[in-house]
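K.L.:
Can you keep this structure in mind? I'll have questions shortly.
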Amino acid sequence: MAGGRDERQPGAGPWYGIKWIVGGLGLLVVGFPLLAGGFGDVEAGRRKAEVCAPCHGADGNSTTPEVPSLAGQPPLYTYYQLLLFQQQQRVSAQMAPVVASLSRQDMQDLAAYYAVQTPAVPPPPRDPAKAEVGRRLVKAHYCDSCHAPGLVGQKHIPRLAGQHYAYLVTQLRAYKTQQRTDLDGTMTIVAQPLSNEEIEALAEYLASLPAGAGLPRPHTAR
Ligand code: HEC
Ligand code: HEC
């Protein structure tokens with residue numbers, strides 16, 4: 001039964017299989033040799049991030065709806081996405097030239113720098129009723145079981161709280177249509193049942209959610 005779906009557990013749904021995948025990835029992450037003895041140099045990252053500032057903002061808070069904010073992201077998440085861009089597994093015309101010449105040390109320094117930046121306070125939802133639908137969908141789909149309470153992210157899993165609406169909608173659609181290749185395949189599975197309206201409601205809620213206000217942010221504890 002390992003890795004499979006246990007038909008005898010009503011309500012376990014597809015999560016039964018996913019938990020095995022996540023558990024396996026957790027081991028992989030813990031065993032990652034490059035992570036031994038700290039992760040990146042924040043000051044070196046600050047200098048290296050100067051070329052990123054025109055798009056992502058000097059402190060990692062982007063003001064362009066299509067460009068993600070990086071402030072407060074778990075360093076492992078940023079690091080792995082930079083690797084995915086460099087290996088052209090995650091495709092972006094804007095990111096491809098930027099990552100081409102980055103070393104792994106550069107990526108870790110950049111990830112460390114953005115992880116300790118403070119996420120900007122997001123705007124209130126434009127449509128509170130839609131945001132409430134989104135809040136219920138987060139509960140129904142257990143998004144916070146991976147993205148952590150408050151959707152602040154952890155390990156290789158990104159912060160969603162306070163991320164831009166337009167960016168979130170694009171990414172959820174891209175997972176659903178399999179135009180974005182994800183690290184371990186879980187987001188492709190998660191996005192399949194979501195309708196367009198549900199994706200928009202989720203993004204409405206997540207984009208208005210303050211990141212870090214009174215919430216534990218385990219990845220910044222060093
Ligand atoms: C020309 C604008 C531009 C520049 C310069 C740029 N980026 Fe990006 N970046 C983007 C866009 C646009 C995306 C979203 C790509 C997508 O849609 O998948 C992105 C995505 C990312 C992501 C993924 C974030 C997430 O939430 O998944 C990371 C990490 C990232 N950039 C880091 C960097 C770093 C580090 C630098 C500097 C070394 C940099 N970027 C420079 C435009 C830029
Ligand atoms: C089983 C664990 C798991 C669950 C449940 C989960 N996610 Fe994710 N999510 C991930 C992982 C891992 C990633 C990074 C994937 C990658 O490499 O692209 C991710 C990435 C994302 C991203 C991309 C963010 C960015 O900055 O680019 C969005 C958006 C997202 N998830 C939304 C959701 C929503 C909404 C739900 C609930 C409907 C959800 N996730 C449930 C594990 C999960």
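Following the order of the structure tokens, chains are lettered A, B, ..., residues in each are numbered from 1, and ligands are numbered from 1.
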Please produce, as JSON lines, a per-residue contact table for chain A versus ligand 2 (criterion: any atom at most 6 Å away, only C-alpha atoms and all ligand atoms considered), showing the nearest atom pair and its distance in Å to one decimal, sorted by chain then residue number.
P.N.:
{"residue": "A:Ile18", "atom": "CA", "partner": "ligand 2", "partner_atom_place_in_ligand_line": "1 (C)", "distance": 5.6}
{"residue": "A:Val138", "atom": "CA", "partner": "ligand 2", "partner_atom_place_in_ligand_line": "37 (C)", "distance": 5.3}
{"residue": "A:His141", "atom": "CA", "partner": "ligand 2", "partner_atom_place_in_ligand_line": "38 (C)", "distance": 5.0}
{"residue": "A:Tyr142", "atom": "CA", "partner": "ligand 2", "partner_atom_place_in_ligand_line": "5 (C)", "distance": 5.5}
{"residue": "A:Cys143", "atom": "CA", "partner": "ligand 2", "partner_atom_place_in_ligand_line": "37 (C)", "distance": 3.6}
{"residue": "A:Ser145", "atom": "CA", "partner": "ligand 2", "partner_atom_place_in_ligand_line": "5 (C)", "distance": 6.0}
{"residue": "A:Cys146", "atom": "CA", "partner": "ligand 2", "partner_atom_place_in_ligand_line": "2 (C)", "distance": 4.4}
{"residue": "A:Ile157", "atom": "CA", "partner": "ligand 2", "partner_atom_place_in_ligand_line": "11 (C)", "distance": 4.6}
{"residue": "A:Pro158", "atom": "CA", "partner": "ligand 2", "partner_atom_place_in_ligand_line": "26 (O)", "distance": 5.5}
{"residue": "A:Leu168", "atom": "CA", "partner": "ligand 2", "partner_atom_place_in_ligand_line": "29 (C)", "distance": 4.8}
{"residue": "A:Gln171", "atom": "CA", "partner": "ligand 2", "partner_atom_place_in_ligand_line": "29 (C)", "distance": 5.5}
{"residue": "A:Leu172", "atom": "CA", "partner": "ligand 2", "partner_atom_place_in_ligand_line": "29 (C)", "distance": 5.3}
{"residue": "A:Asp182", "atom": "CA", "partner": "ligand 2", "partner_atom_place_in_ligand_line": "18 (O)", "distance": 3.5}
{"residue": "A:Leu183", "atom": "CA", "partner": "ligand 2", "partner_atom_place_in_ligand_line": "17 (O)", "distance": 3.7}
{"residue": "A:Thr186", "atom": "CA", "partner": "ligand 2", "partner_atom_place_in_ligand_line": "1 (C)", "distance": 5.3}
{"residue": "A:Met187", "atom": "CA", "partner": "ligand 2", "partner_atom_place_in_ligand_line": "9 (N)", "distance": 5.2}
{"residue": "A:Val190", "atom": "CA", "partner": "ligand 2", "partner_atom_place_in_ligand_line": "41 (C)", "distance": 5.9}
{"residue": "A:Leu202", "atom": "CA", "partner": "ligand 2", "partner_atom_place_in_ligand_line": "35 (C)", "distance": 5.8}
K.L.:
Skip A:Asp144 itself and residues of its chain fewer than 6 positions away, then list as an MDAnalysis selection string all residues within 10 Å of it, counting only C-alpha atoms.
P.N.:
chainID A and resid 138 150:153 160
K.L.:
Give me, as a list of chain:residue names, the set of residues whose atoms come within 6 Å of any atom of ligand 1, counting only C-alpha atoms and all ligand atoms.
P.N.:
A:Ala49, A:Val51, A:Cys52, A:Cys55, A:Val67, A:Pro68, A:Thr78, A:Gln81, A:Leu82, A:Ser92, A:Gln94, A:Met95, A:Val98, A:Leu110
K.L.:
So, with only C-alpha atoms as the atoms that count, which of A:Ala166, A:Ala203, A:Met107, A:Val99 lies closest to A:Thr63?
P.N.:
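For A:Thr63, the nearest of the given residues is A:Ala166.
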K.L.:
For A:Ile199, which residue among A:Ala71, A:Leu83, A:Ala211, A:Val169 is the nearest when counting only C-alpha atoms?
P.N.:
A:Val169
K.L.:
Fewer than 6 positions away in the same chain doesn't count, so skip those; otherwise give me all residues within 6 Å of A:Ala207, counting only C-alpha atoms, as an MDAnalysis selection string.
P.N.:
chainID A and resid 162:165
K.L.:
Pick out the closest residue to A:Ala148 from this set: A:Arg90, A:Pro74, A:Asp41, A:Thr170. Count only C-alpha atoms.
P.N.:
A:Pro74
K.L.:
Go through A:Thr64, A:Tyr205, A:Arg180, A:Tyr113 and flag the residue nearest A:Val91, using only C-alpha atoms for the distances.
P.N.:
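Using only C-alpha atoms, A:Val91 sits closest to A:Arg180.
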K.L.:
Which residue, A:Gly185, A:Pro124, A:Pro119, A:Pro149, has the smallest gap to A:Asp59 when you use only C-alpha atoms?
P.N.:
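Selected residue with least distance to A:Asp59: A:Pro119.
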K.L.:
I need the residue nearest A:Ser69 from this list: A:Lys139, A:Ala100, A:Ala129, A:Arg159. Use only C-alpha atoms for the distance.
P.N.:
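Answer, going by the shortest atom-to-atom distance: A:Arg159.
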K.L.:
Quick check, in Å to one decimal: how far apart do atom CA of A:Ala191 and atom CA of A:Val133 lie?
P.N.:
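Atom CA of A:Val133 lies 16.4 Å from atom CA of A:Ala191.
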K.L.:
Could you please write out, as JSON, numbers by chain, every residue of stretch 28-187 of chain A that DSSP assigns to alpha helix (DSSP H)?
P.N.:
{"A": [28, 29, 30, 42, 43, 44, 45, 46, 47, 48, 53, 54, 55, 56, 75, 76, 77, 78, 79, 80, 81, 82, 83, 84, 85, 86, 95, 96, 97, 98, 99, 104, 105, 106, 107, 108, 109, 110, 111, 112, 113, 114, 115, 128, 129, 130, 131, 132, 133, 134, 135, 136, 137, 138, 139, 140, 143, 144, 145, 146, 147, 165, 166, 167, 168, 169, 170, 171, 172, 173, 174, 175, 176, 186, 187]}
